[in-house]
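For reference, data-v9.csv (CSV, C-alpha atoms):
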```csv
chain,number,residue,atom,x,y,z
A,30,MET,CA,0.0,0.0,0.0
A,31,PRO,CA,1.6,3.2,-1.1
A,32,ASP,CA,1.8,6.2,1.3
A,33,PRO,CA,-1.4,8.2,0.5
A,34,ARG,CA,0.5,11.4,1.2
A,35,ALA,CA,3.1,10.6,-1.4
A,36,ALA,CA,3.9,13.2,-3.9
A,37,LEU,CA,2.8,13.0,-7.5
A,38,PRO,CA,5.3,11.7,-10.0
A,39,GLN,CA,8.0,14.3,-10.6
A,40,ALA,CA,9.4,15.4,-14.0
A,41,GLN,CA,12.2,12.8,-14.2
A,42,ASP,CA,9.7,10.0,-13.7
A,43,GLN,CA,7.4,11.0,-16.5
A,44,PRO,CA,6.9,9.3,-19.8
A,45,SER,CA,7.2,11.8,-22.7
A,46,SER,CA,4.2,10.7,-24.7
A,47,ALA,CA,0.6,10.0,-23.9
A,48,ALA,CA,0.5,6.8,-21.9
A,49,PHE,CA,-3.3,6.3,-22.0
A,50,THR,CA,-5.9,6.1,-24.7
A,51,LEU,CA,-9.7,6.2,-25.2
A,52,GLY,CA,-11.4,3.3,-23.4
A,53,ASP,CA,-8.5,2.6,-21.0
A,54,ARG,CA,-9.4,1.8,-17.4
A,55,VAL,CA,-7.3,3.9,-15.1
A,56,ARG,CA,-6.9,4.6,-11.4
A,57,VAL,CA,-6.5,8.1,-10.0
A,58,ARG,CA,-3.4,8.3,-7.9
A,59,ALA,CA,-4.3,8.4,-4.2
A,60,VAL,CA,-2.1,11.4,-3.4
A,61,ASP,CA,-2.4,14.4,-1.1
A,62,PRO,CA,0.4,16.8,-2.1
A,63,GLU,CA,1.1,19.9,-0.1
A,64,HIS,CA,1.0,22.1,-3.2
A,65,HIS,CA,-2.0,23.1,-5.4
A,66,THR,CA,-3.3,20.2,-7.5
A,67,ARG,CA,-6.3,19.6,-9.7
A,68,VAL,CA,-7.0,16.1,-8.4
A,69,PRO,CA,-10.4,16.5,-6.7
A,70,ARG,CA,-10.4,14.6,-3.4
A,71,TYR,CA,-13.6,12.8,-4.3
A,72,VAL,CA,-11.9,10.8,-7.1
A,73,ARG,CA,-8.5,10.1,-5.4
A,74,GLY,CA,-7.8,6.3,-5.6
A,75,GLN,CA,-10.9,5.7,-7.7
A,76,LEU,CA,-11.2,3.6,-10.9
A,77,GLY,CA,-12.6,5.1,-14.0
A,78,GLU,CA,-12.6,4.9,-17.8
A,79,ILE,CA,-11.1,7.4,-20.3
A,80,VAL,CA,-14.0,8.6,-22.5
A,81,HIS,CA,-12.3,11.6,-24.2
A,82,SER,CA,-8.9,13.4,-24.3
A,83,HIS,CA,-8.7,17.2,-24.6
A,84,GLY,CA,-5.1,17.4,-25.8
A,85,ALA,CA,-2.2,18.8,-23.9
A,86,ALA,CA,-2.0,21.5,-21.2
A,87,PRO,CA,0.5,22.7,-18.7
A,88,LEU,CA,0.3,20.8,-15.4
A,89,PRO,CA,-1.3,23.1,-12.8
A,90,ASP,CA,0.8,21.6,-10.0
A,91,ASP,CA,4.0,22.8,-11.7
A,92,ARG,CA,2.5,26.2,-12.6
A,93,ALA,CA,1.4,26.9,-9.0
A,94,ARG,CA,4.9,26.1,-7.8
A,95,GLY,CA,6.5,28.3,-10.4
A,96,ILE,CA,8.4,25.4,-12.1
A,97,GLU,CA,9.7,26.6,-15.4
A,98,PRO,CA,8.9,25.2,-17.8
A,99,PRO,CA,5.9,23.3,-16.5
A,100,ARG,CA,5.3,19.8,-17.7
A,101,VAL,CA,2.8,19.8,-20.6
A,102,GLU,CA,0.6,16.7,-20.5
A,103,THR,CA,-2.5,15.2,-22.1
A,104,VAL,CA,-5.7,15.9,-20.2
A,105,HIS,CA,-8.0,12.9,-20.1
A,106,VAL,CA,-11.7,13.0,-19.4
A,107,VAL,CA,-12.2,10.1,-16.9
A,108,ARG,CA,-15.7,8.8,-16.2
A,109,PHE,CA,-16.6,7.3,-12.8
A,110,ALA,CA,-19.7,5.4,-11.6
A,111,ALA,CA,-21.5,7.3,-8.9
A,112,ARG,CA,-21.8,4.1,-6.9
A,113,ASP,CA,-18.0,3.8,-6.8
A,114,LEU,CA,-17.6,7.4,-5.6
A,115,TRP,CA,-20.5,7.7,-3.1
A,116,GLY,CA,-21.7,4.2,-2.5
A,117,VAL,CA,-25.1,5.1,-4.1
A,118,GLY,CA,-26.4,6.6,-7.2
A,119,ASP,CA,-27.0,5.5,-10.8
A,120,HIS,CA,-25.4,8.5,-12.6
A,121,THR,CA,-21.8,9.0,-13.9
A,122,VAL,CA,-19.4,11.8,-13.1
A,123,ALA,CA,-16.6,12.7,-15.6
A,124,VAL,CA,-13.6,14.7,-14.4
A,125,ASP,CA,-10.7,16.2,-16.5
A,126,LEU,CA,-7.4,14.7,-15.2
A,127,TRP,CA,-3.8,15.3,-16.3
A,128,GLU,CA,-1.8,12.3,-17.2
A,129,SER,CA,0.4,12.5,-14.0
A,130,TYR,CA,-2.8,12.1,-11.9
A,131,LEU,CA,-3.5,8.6,-13.4
A,132,GLU,CA,-2.0,5.1,-13.2
A,133,PRO,CA,-2.8,2.0,-15.2
A,134,CYS,CA,-4.9,-0.7,-13.6
B,6,MET,CA,-14.4,32.1,-14.7
B,7,SER,CA,-11.1,30.4,-14.2
B,8,HIS,CA,-9.5,28.2,-11.6
B,9,ALA,CA,-7.8,30.1,-8.9
B,10,GLU,CA,-4.7,28.4,-7.4
B,11,GLY,CA,-5.8,26.6,-4.3
B,12,GLY,CA,-9.1,28.5,-4.5
B,13,ASN,CA,-12.0,27.2,-2.7
B,14,SER,CA,-13.5,30.3,-1.3
B,15,GLU,CA,-17.1,31.4,-1.8
B,16,SER,CA,-16.0,34.9,-2.8
B,17,HIS,CA,-13.5,35.2,-5.6
B,18,ALA,CA,-12.7,38.7,-4.5
B,19,ASP,CA,-11.1,37.3,-1.4
B,20,LEU,CA,-8.8,34.9,-3.1
B,21,PRO,CA,-5.0,35.4,-3.2
B,22,VAL,CA,-5.1,35.4,-7.0
B,23,ALA,CA,-7.5,38.3,-6.9
B,24,ALA,CA,-5.1,40.3,-4.8
B,25,ARG,CA,-2.3,39.4,-7.3
B,26,VAL,CA,-4.5,40.5,-10.2
B,27,ARG,CA,-5.2,43.9,-8.5
B,28,ARG,CA,-1.5,44.4,-7.8
B,29,LEU,CA,-0.6,43.5,-11.4
B,30,GLU,CA,-3.2,46.0,-12.6
B,31,GLU,CA,-1.7,48.7,-10.4
B,32,ARG,CA,1.8,47.9,-11.8
B,33,VAL,CA,0.9,48.0,-15.5
B,34,VAL,CA,-1.1,51.2,-15.0
B,35,ALA,CA,1.8,52.8,-13.1
B,36,ALA,CA,4.2,51.7,-15.8
B,37,GLY,CA,2.1,53.5,-18.4
B,38,LEU,CA,1.3,50.3,-20.3
B,39,THR,CA,-2.4,50.8,-20.0
B,40,THR,CA,-5.0,52.8,-18.1
B,41,ASP,CA,-7.9,51.9,-15.8
B,42,ALA,CA,-10.2,53.3,-18.5
B,43,ASP,CA,-8.7,51.0,-21.2
B,44,LEU,CA,-9.1,47.9,-18.9
B,45,ASP,CA,-12.7,48.8,-18.1
B,46,ALA,CA,-13.4,49.4,-21.8
B,47,TYR,CA,-11.9,46.0,-22.7
B,48,LEU,CA,-14.0,44.2,-20.0
B,49,THR,CA,-17.2,46.0,-21.0
B,50,LYS,CA,-16.6,45.0,-24.7
B,51,PHE,CA,-15.9,41.4,-23.7
B,52,LEU,CA,-19.0,41.2,-21.5
B,53,GLU,CA,-21.2,42.8,-24.2
B,54,ARG,CA,-20.2,40.0,-26.6
B,55,ALA,CA,-20.5,37.2,-23.9
B,56,SER,CA,-24.1,36.1,-24.1
B,57,PRO,CA,-26.1,32.8,-24.0
B,58,MET,CA,-27.3,33.9,-27.5
B,59,ASN,CA,-23.9,32.7,-28.7
B,60,GLY,CA,-24.4,29.2,-27.3
B,61,ALA,CA,-28.1,29.3,-28.5
B,62,ARG,CA,-27.0,30.0,-32.0
B,63,LEU,CA,-24.7,26.9,-32.0
B,64,VAL,CA,-27.5,24.7,-30.7
B,65,ALA,CA,-30.1,26.0,-33.2
B,66,ARG,CA,-27.6,25.4,-36.1
B,67,ALA,CA,-26.8,21.9,-34.8
B,68,TRP,CA,-30.6,21.1,-34.7
B,69,THR,CA,-31.1,22.1,-38.3
B,70,ASP,CA,-27.8,21.0,-39.9
B,71,PRO,CA,-26.7,17.4,-39.0
B,72,ALA,CA,-23.2,17.9,-40.6
B,73,PHE,CA,-22.6,21.0,-38.4
B,74,ARG,CA,-23.8,19.0,-35.3
B,75,GLU,CA,-21.2,16.3,-36.1
B,76,ARG,CA,-18.5,19.0,-36.5
B,77,MET,CA,-19.5,20.7,-33.2
B,78,LEU,CA,-19.4,17.5,-31.2
B,79,ALA,CA,-16.0,16.7,-32.7
B,80,ASP,CA,-14.5,20.2,-32.3
B,81,GLY,CA,-16.5,22.8,-30.4
B,82,ASN,CA,-14.0,25.6,-31.1
B,83,SER,CA,-14.1,25.2,-34.9
B,84,ALA,CA,-17.9,25.2,-34.8
B,85,ALA,CA,-18.0,28.4,-32.8
B,86,ALA,CA,-15.6,30.0,-35.2
B,87,GLU,CA,-17.8,28.9,-38.1
B,88,LEU,CA,-20.7,30.9,-36.7
B,89,GLY,CA,-18.5,33.9,-35.7
B,90,VAL,CA,-19.0,33.4,-32.0
B,91,GLY,CA,-15.5,32.2,-31.1
B,92,SER,CA,-12.0,31.3,-32.2
B,93,ALA,CA,-11.1,27.9,-33.8
B,94,ASP,CA,-7.8,28.2,-31.8
B,95,PRO,CA,-8.4,27.2,-28.1
B,96,ALA,CA,-5.4,29.4,-27.1
B,97,ARG,CA,-7.1,32.5,-28.6
B,98,GLN,CA,-10.5,31.5,-27.3
B,99,GLY,CA,-9.1,31.0,-23.8
B,100,PHE,CA,-10.6,27.4,-23.6
B,101,GLN,CA,-11.2,24.2,-25.4
B,102,LEU,CA,-14.9,23.8,-26.0
B,103,ARG,CA,-16.4,20.4,-25.4
B,104,VAL,CA,-20.1,20.0,-26.4
B,105,VAL,CA,-22.0,17.1,-24.8
B,106,GLU,CA,-25.2,16.0,-26.4
B,107,ASN,CA,-28.5,15.1,-24.7
B,108,THR,CA,-30.1,12.0,-26.2
B,109,ALA,CA,-33.1,9.8,-25.6
B,110,THR,CA,-31.0,7.9,-23.0
B,111,VAL,CA,-28.6,10.4,-21.5
B,112,HIS,CA,-29.0,13.8,-19.9
B,113,ASN,CA,-25.9,15.9,-19.3
B,114,VAL,CA,-25.2,18.5,-16.7
B,115,VAL,CA,-22.2,20.7,-16.1
B,116,VAL,CA,-20.4,21.9,-12.9
B,117,CYS,CA,-17.0,23.1,-11.7
B,118,THR,CA,-16.5,21.6,-8.3
B,119,LEU,CA,-13.2,23.5,-7.8
B,120,CYS,CA,-14.6,27.0,-8.5
B,121,SER,CA,-17.0,28.1,-11.2
B,122,CYS,CA,-15.5,27.4,-14.6
B,123,TYR,CA,-17.9,27.9,-17.4
B,124,PRO,CA,-17.8,29.0,-21.1
B,125,LEU,CA,-18.6,32.6,-20.3
B,126,ALA,CA,-18.2,33.8,-23.9
B,127,LEU,CA,-20.9,31.4,-25.1
B,128,LEU,CA,-23.2,31.4,-22.0
B,129,GLY,CA,-22.8,34.9,-20.6
B,130,PRO,CA,-22.0,35.6,-17.0
B,131,SER,CA,-22.8,32.5,-14.9
B,132,PRO,CA,-25.8,32.4,-12.5
B,133,SER,CA,-25.0,32.9,-8.9
B,134,TRP,CA,-26.2,29.4,-7.9
B,135,TYR,CA,-23.6,27.9,-10.4
B,136,LYS,CA,-20.9,29.3,-8.1
B,137,SER,CA,-22.5,28.2,-4.8
B,138,HIS,CA,-21.0,25.5,-2.7
B,139,ALA,CA,-24.4,23.8,-2.5
B,140,TYR,CA,-24.7,23.3,-6.3
B,141,ARG,CA,-21.0,22.3,-6.7
B,142,ALA,CA,-21.0,19.8,-3.8
B,143,ARG,CA,-24.4,18.3,-4.5
B,144,VAL,CA,-24.8,18.0,-8.2
B,145,VAL,CA,-22.0,15.4,-8.4
B,146,ARG,CA,-23.5,13.4,-5.6
B,147,GLU,CA,-27.2,13.5,-6.2
B,148,PRO,CA,-27.9,15.2,-9.6
B,149,ARG,CA,-31.4,13.7,-9.9
B,150,VAL,CA,-32.4,15.4,-6.6
B,151,VAL,CA,-30.7,18.7,-7.5
B,152,LEU,CA,-32.3,18.8,-11.0
B,153,ALA,CA,-35.7,18.1,-9.4
B,154,GLU,CA,-35.2,21.1,-7.2
B,155,PHE,CA,-34.7,23.2,-10.4
B,156,GLY,CA,-38.1,21.8,-11.5
B,157,LEU,CA,-36.5,19.2,-13.9
B,158,GLU,CA,-37.9,15.8,-13.0
B,159,LEU,CA,-36.2,13.3,-15.2
B,160,PRO,CA,-37.6,9.7,-15.8
B,161,GLU,CA,-35.8,7.1,-13.8
B,162,GLU,CA,-34.5,5.3,-16.9
B,163,LEU,CA,-32.8,8.4,-18.2
B,164,GLU,CA,-29.1,8.2,-17.3
B,165,ILE,CA,-27.5,11.4,-15.9
B,166,ALA,CA,-23.9,12.3,-16.9
B,167,VAL,CA,-22.3,15.0,-14.8
B,168,TRP,CA,-19.2,16.8,-16.3
B,169,ASP,CA,-16.8,18.4,-13.8
B,170,SER,CA,-14.9,21.2,-15.6
B,171,ASN,CA,-11.6,20.6,-13.8
B,172,SER,CA,-9.2,21.7,-16.5
B,173,GLU,CA,-9.0,24.5,-19.1
B,174,ALA,CA,-11.7,22.8,-21.2
B,175,ARG,CA,-15.2,24.2,-20.9
B,176,TYR,CA,-18.4,22.2,-21.3
B,177,MET,CA,-21.7,23.1,-23.0
B,178,VAL,CA,-24.8,20.9,-23.3
B,179,LEU,CA,-26.5,20.4,-26.6
B,180,PRO,CA,-30.1,20.1,-25.5
B,181,ARG,CA,-32.7,18.0,-27.4
B,182,ARG,CA,-34.8,19.8,-29.9
B,183,PRO,CA,-38.3,20.2,-28.6
B,184,ASP,CA,-41.2,18.5,-30.3
B,185,GLY,CA,-43.4,20.6,-32.5
B,186,THR,CA,-40.5,22.8,-33.8
B,187,ALA,CA,-40.1,21.3,-37.2
B,188,ASP,CA,-41.2,24.4,-39.0
B,189,LEU,CA,-39.1,26.9,-37.0
B,190,ASP,CA,-36.0,28.5,-38.6
B,191,ASP,CA,-32.6,29.0,-36.9
B,192,GLU,CA,-33.6,32.4,-35.5
B,193,ALA,CA,-36.8,31.2,-33.9
B,194,LEU,CA,-35.0,28.1,-32.6
B,195,THR,CA,-32.3,30.3,-31.1
B,196,ARG,CA,-34.8,32.1,-29.0
B,197,LEU,CA,-36.0,28.9,-27.4
B,198,VAL,CA,-32.6,28.0,-26.0
B,199,THR,CA,-31.8,29.2,-22.4
B,200,ARG,CA,-28.6,29.5,-20.4
B,201,GLU,CA,-30.0,26.8,-18.0
B,202,GLY,CA,-30.6,24.5,-21.0
B,203,LEU,CA,-26.9,25.0,-22.0
B,204,ILE,CA,-25.8,24.1,-18.4
B,205,GLY,CA,-28.2,21.1,-18.2
B,206,THR,CA,-30.4,22.2,-15.3
B,207,ALA,CA,-33.3,22.7,-17.7
B,208,LEU,CA,-34.7,21.2,-20.9
B,209,VAL,CA,-35.5,23.4,-23.9
```
Now, as a test, write the supplied structure out as structure tokens.
Amino acid sequence: MPDPRAALPQAQDQPSSAAFTLGDRVRVRAVDPEHHTRVPRYVRGQLGEIVHSHGAAPLPDDRARGIEPPRVETVHVVRFAARDLWGVGDHTVAVDLWESYLEPC
Amino acid sequence: MSHAEGGNSESHADLPVAARVRRLEERVVAAGLTTDADLDAYLTKFLERASPMNGARLVARAWTDPAFRERMLADGNSAAAELGVGSADPARQGFQLRVVENTATVHNVVVCTLCSCYPLALLGPSPSWYKSHAYRARVVREPRVVLAEFGLELPEELEIAVWDSNSEARYMVLPRRPDGTADLDDEALTRLVTREGLIGTALV
């Protein structure tokens, strides 16, 4: 079990090209970094499916920390089942997530 | 309209980023690069153009032109540029536009749980409830209940898809064309489309 307070992958750990594609099942990294991040708490550690990709954008975590240049990564739209997130509900919730926020599963 | 770093406050004016923007304004004005009047004029001009009429025109055209609908669902920015209500280049537009389509089986609704992101240029200034903690926290958990409170009671079998605008992309809902509108032209159809219909908290 990884330490949930572990940091997100850092620049040197990153693959340079898009690691995930449409239809992939992914898990959101269960991280709790001390800096700004765009991983909403309600999807941390959750399993979802990539339903669309927006293209590349600078990683907010790097921009907020003034890291120049920020990593530029594909932003994936990941869809989750409400039942997985909240224990109840028959709807889906889709969240835009940068590649660093995801791991294969 | 955009994500503030670490922002989670009800009032955007209190956020650290707001203080930084005010300080930056003071500096560029003091340096003689612009004036308060110029900044105000720019904002006024932007807000005059920012209207739900823009989103409504996209929807009306998608209802009457299936090829345009296909193009809009594939690339919202290019579709907006075609009708002269946006730029094909997401960098110039300020966001990547993603249009999600209501169908016989799926109803879409848009939120930004982090703050209040929203395609302002196409929908006009956002309603105050869109920025409220209550809407942002509840619509991802119990959208059927929230929509019912807006007066929108959806049949049980209709799936609800919630889109949380967590990145620089902005979402707009393509509502279903109402029955009995077959003889209406684009202009008349445009008048039927509301801001709430484009967010997904109402039907058209």
Chain A residues within 6 Å of chain B, counting all atoms listed in the file: which ones, as a list in words?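 Interface list for chain A against chain B: His65, His120, Thr121, Val122, Ala123, Val124 and Asp125 of chain A.
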Convert the current residue selection to file output with C-alpha atoms, as an mmCIF file, keeping the file's coordinate frame.
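File written: result-v7.cif
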```cif
data_model
loop_
_atom_site.group_PDB
_atom_site.id
_atom_site.type_symbol
_atom_site.label_atom_id
_atom_site.label_comp_id
_atom_site.auth_asym_id
_atom_site.auth_seq_id
_atom_site.Cartn_x
_atom_site.Cartn_y
_atom_site.Cartn_z
ATOM 1 C CA HIS A 65 -2.000 23.100 -5.400
ATOM 2 C CA HIS A 120 -25.400 8.500 -12.600
ATOM 3 C CA THR A 121 -21.800 9.000 -13.900
ATOM 4 C CA VAL A 122 -19.400 11.800 -13.100
ATOM 5 C CA ALA A 123 -16.600 12.700 -15.600
ATOM 6 C CA VAL A 124 -13.600 14.700 -14.400
ATOM 7 C CA ASP A 125 -10.700 16.200 -16.500
#
```
Quote the spacing between CA of Arg141 in chain B and CA of Pro124 in chain B in Å to one decimal place.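 One can read the CA of Arg141 in chain B to CA of Pro124 in chain B distance as 16.2 Å.
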Residues near Pro87 in chain A, anyone? I mean within 6 Å using all atoms listed in the file, not counting same-chain ones fewer than 2 positions away, as number ranges by chain. A: 99-101
Got a sec: who's within 6 Å of range 190-205 of chain B, counting all atoms listed in the file, leaving out chain neighbours fewer than 6 positions off, as an MDAnalysis selection string? chainID B and resid 57 61:62 65 113:115 128 177:178
Could you name the residues that touch Glu97 in chain A at 12 Å or less, counting all atoms listed in the file, but leaving out those on the same chain fewer than 4 positions away, as a list in words?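 The residues satisfying every condition are Ala40, Pro87, Leu88, Pro89, Asp90, Asp91, Arg92, Ala93 and Val101 of chain A.
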Which is closest to Asp184 in chain B among B:Phe73, B:Leu78, B:Val90, B:Leu208, if we use only C-alpha atoms?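 Of B:Phe73, B:Leu78, B:Val90, B:Leu208, the one nearest Asp184 in chain B is B:Leu208, counting only C-alpha atoms.
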So, counting only C-alpha atoms, which residue among B:Thr206, B:Ser56, B:Thr40, B:Thr49 is closest to Val151 in chain B?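 Selected residue with least distance to Val151 in chain B: B:Thr206.
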So how far away is CA of Asp45 in chain B from CA of Leu127 in chain B, in Å?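 Interatomic distance, CA of Leu127 in chain B to CA of Asp45 in chain B: 20.5 Å.
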All residues 12 Å or closer to Glu53 in chain B, all atoms listed in the file, same chain fewer than 6 positions away omitted, as an MDAnalysis selection string: chainID B and resid 46:47 59 125:130
Please, which residues are within 9 Å of (-6.9, 14.5, -7.6) by the file's coordinates, counting only C-alpha atoms, and could they come as a ChimeraX atom specification? /A:57-61,66-74,126,130-131
Starting from the incomplete input, reconstruct N, CA and C atoms of range 79-95 of chain A and report them as a JSON list (two decimals), in the frame of the given file.
```
[["chain", "number", "residue", "atom", "x", "y", "z"],
["A", 79, "ILE", "N", -11.38, 6.22, -19.47],
["A", 79, "ILE", "CA", -11.10, 7.40, -20.30],
["A", 79, "ILE", "C", -12.16, 7.44, -21.42],
["A", 80, "VAL", "N", -12.95, 8.52, -21.47],
["A", 80, "VAL", "CA", -14.00, 8.60, -22.50],
["A", 80, "VAL", "C", -13.69, 9.72, -23.52],
["A", 81, "HIS", "N", -12.64, 10.51, -23.28],
["A", 81, "HIS", "CA", -12.30, 11.60, -24.20],
["A", 81, "HIS", "C", -10.90, 12.10, -23.76],
["A", 82, "SER", "N", -10.17, 12.71, -24.70],
["A", 82, "SER", "CA", -8.90, 13.40, -24.30],
["A", 82, "SER", "C", -8.96, 14.79, -24.92],
["A", 83, "HIS", "N", -8.63, 15.81, -24.10],
["A", 83, "HIS", "CA", -8.70, 17.20, -24.60],
["A", 83, "HIS", "C", -7.49, 17.66, -25.31],
["A", 84, "GLY", "N", -6.40, 16.92, -25.26],
["A", 84, "GLY", "CA", -5.10, 17.40, -25.80],
["A", 84, "GLY", "C", -4.27, 17.88, -24.60],
["A", 85, "ALA", "N", -3.15, 18.51, -24.92],
["A", 85, "ALA", "CA", -2.20, 18.80, -23.90],
["A", 85, "ALA", "C", -2.33, 20.16, -23.25],
["A", 86, "ALA", "N", -1.98, 20.24, -21.96],
["A", 86, "ALA", "CA", -2.00, 21.50, -21.20],
["A", 86, "ALA", "C", -0.97, 21.49, -20.13],
["A", 87, "PRO", "N", -0.48, 22.67, -19.74],
["A", 87, "PRO", "CA", 0.50, 22.70, -18.70],
["A", 87, "PRO", "C", -0.05, 22.15, -17.36],
["A", 88, "LEU", "N", 0.78, 21.43, -16.63],
["A", 88, "LEU", "CA", 0.30, 20.80, -15.40],
["A", 88, "LEU", "C", 0.17, 21.89, -14.29],
["A", 89, "PRO", "N", -1.05, 22.04, -13.75],
["A", 89, "PRO", "CA", -1.30, 23.10, -12.80],
["A", 89, "PRO", "C", -0.39, 23.03, -11.55],
["A", 90, "ASP", "N", -0.02, 21.81, -11.14],
["A", 90, "ASP", "CA", 0.80, 21.60, -10.00],
["A", 90, "ASP", "C", 2.18, 22.30, -10.17],
["A", 91, "ASP", "N", 2.70, 22.20, -11.42],
["A", 91, "ASP", "CA", 4.00, 22.80, -11.70],
["A", 91, "ASP", "C", 3.83, 24.35, -11.82],
["A", 92, "ARG", "N", 2.75, 24.79, -12.45],
["A", 92, "ARG", "CA", 2.50, 26.20, -12.60],
["A", 92, "ARG", "C", 2.38, 26.92, -11.26],
["A", 93, "ALA", "N", 1.63, 26.26, -10.35],
["A", 93, "ALA", "CA", 1.40, 26.90, -9.00],
["A", 93, "ALA", "C", 2.68, 26.98, -8.24],
["A", 94, "ARG", "N", 3.64, 26.07, -8.53],
["A", 94, "ARG", "CA", 4.90, 26.10, -7.80],
["A", 94, "ARG", "C", 5.97, 26.91, -8.53],
["A", 95, "GLY", "N", 5.59, 27.51, -9.66],
["A", 95, "GLY", "CA", 6.50, 28.30, -10.40],
["A", 95, "GLY", "C", 7.63, 27.54, -11.08]]
```
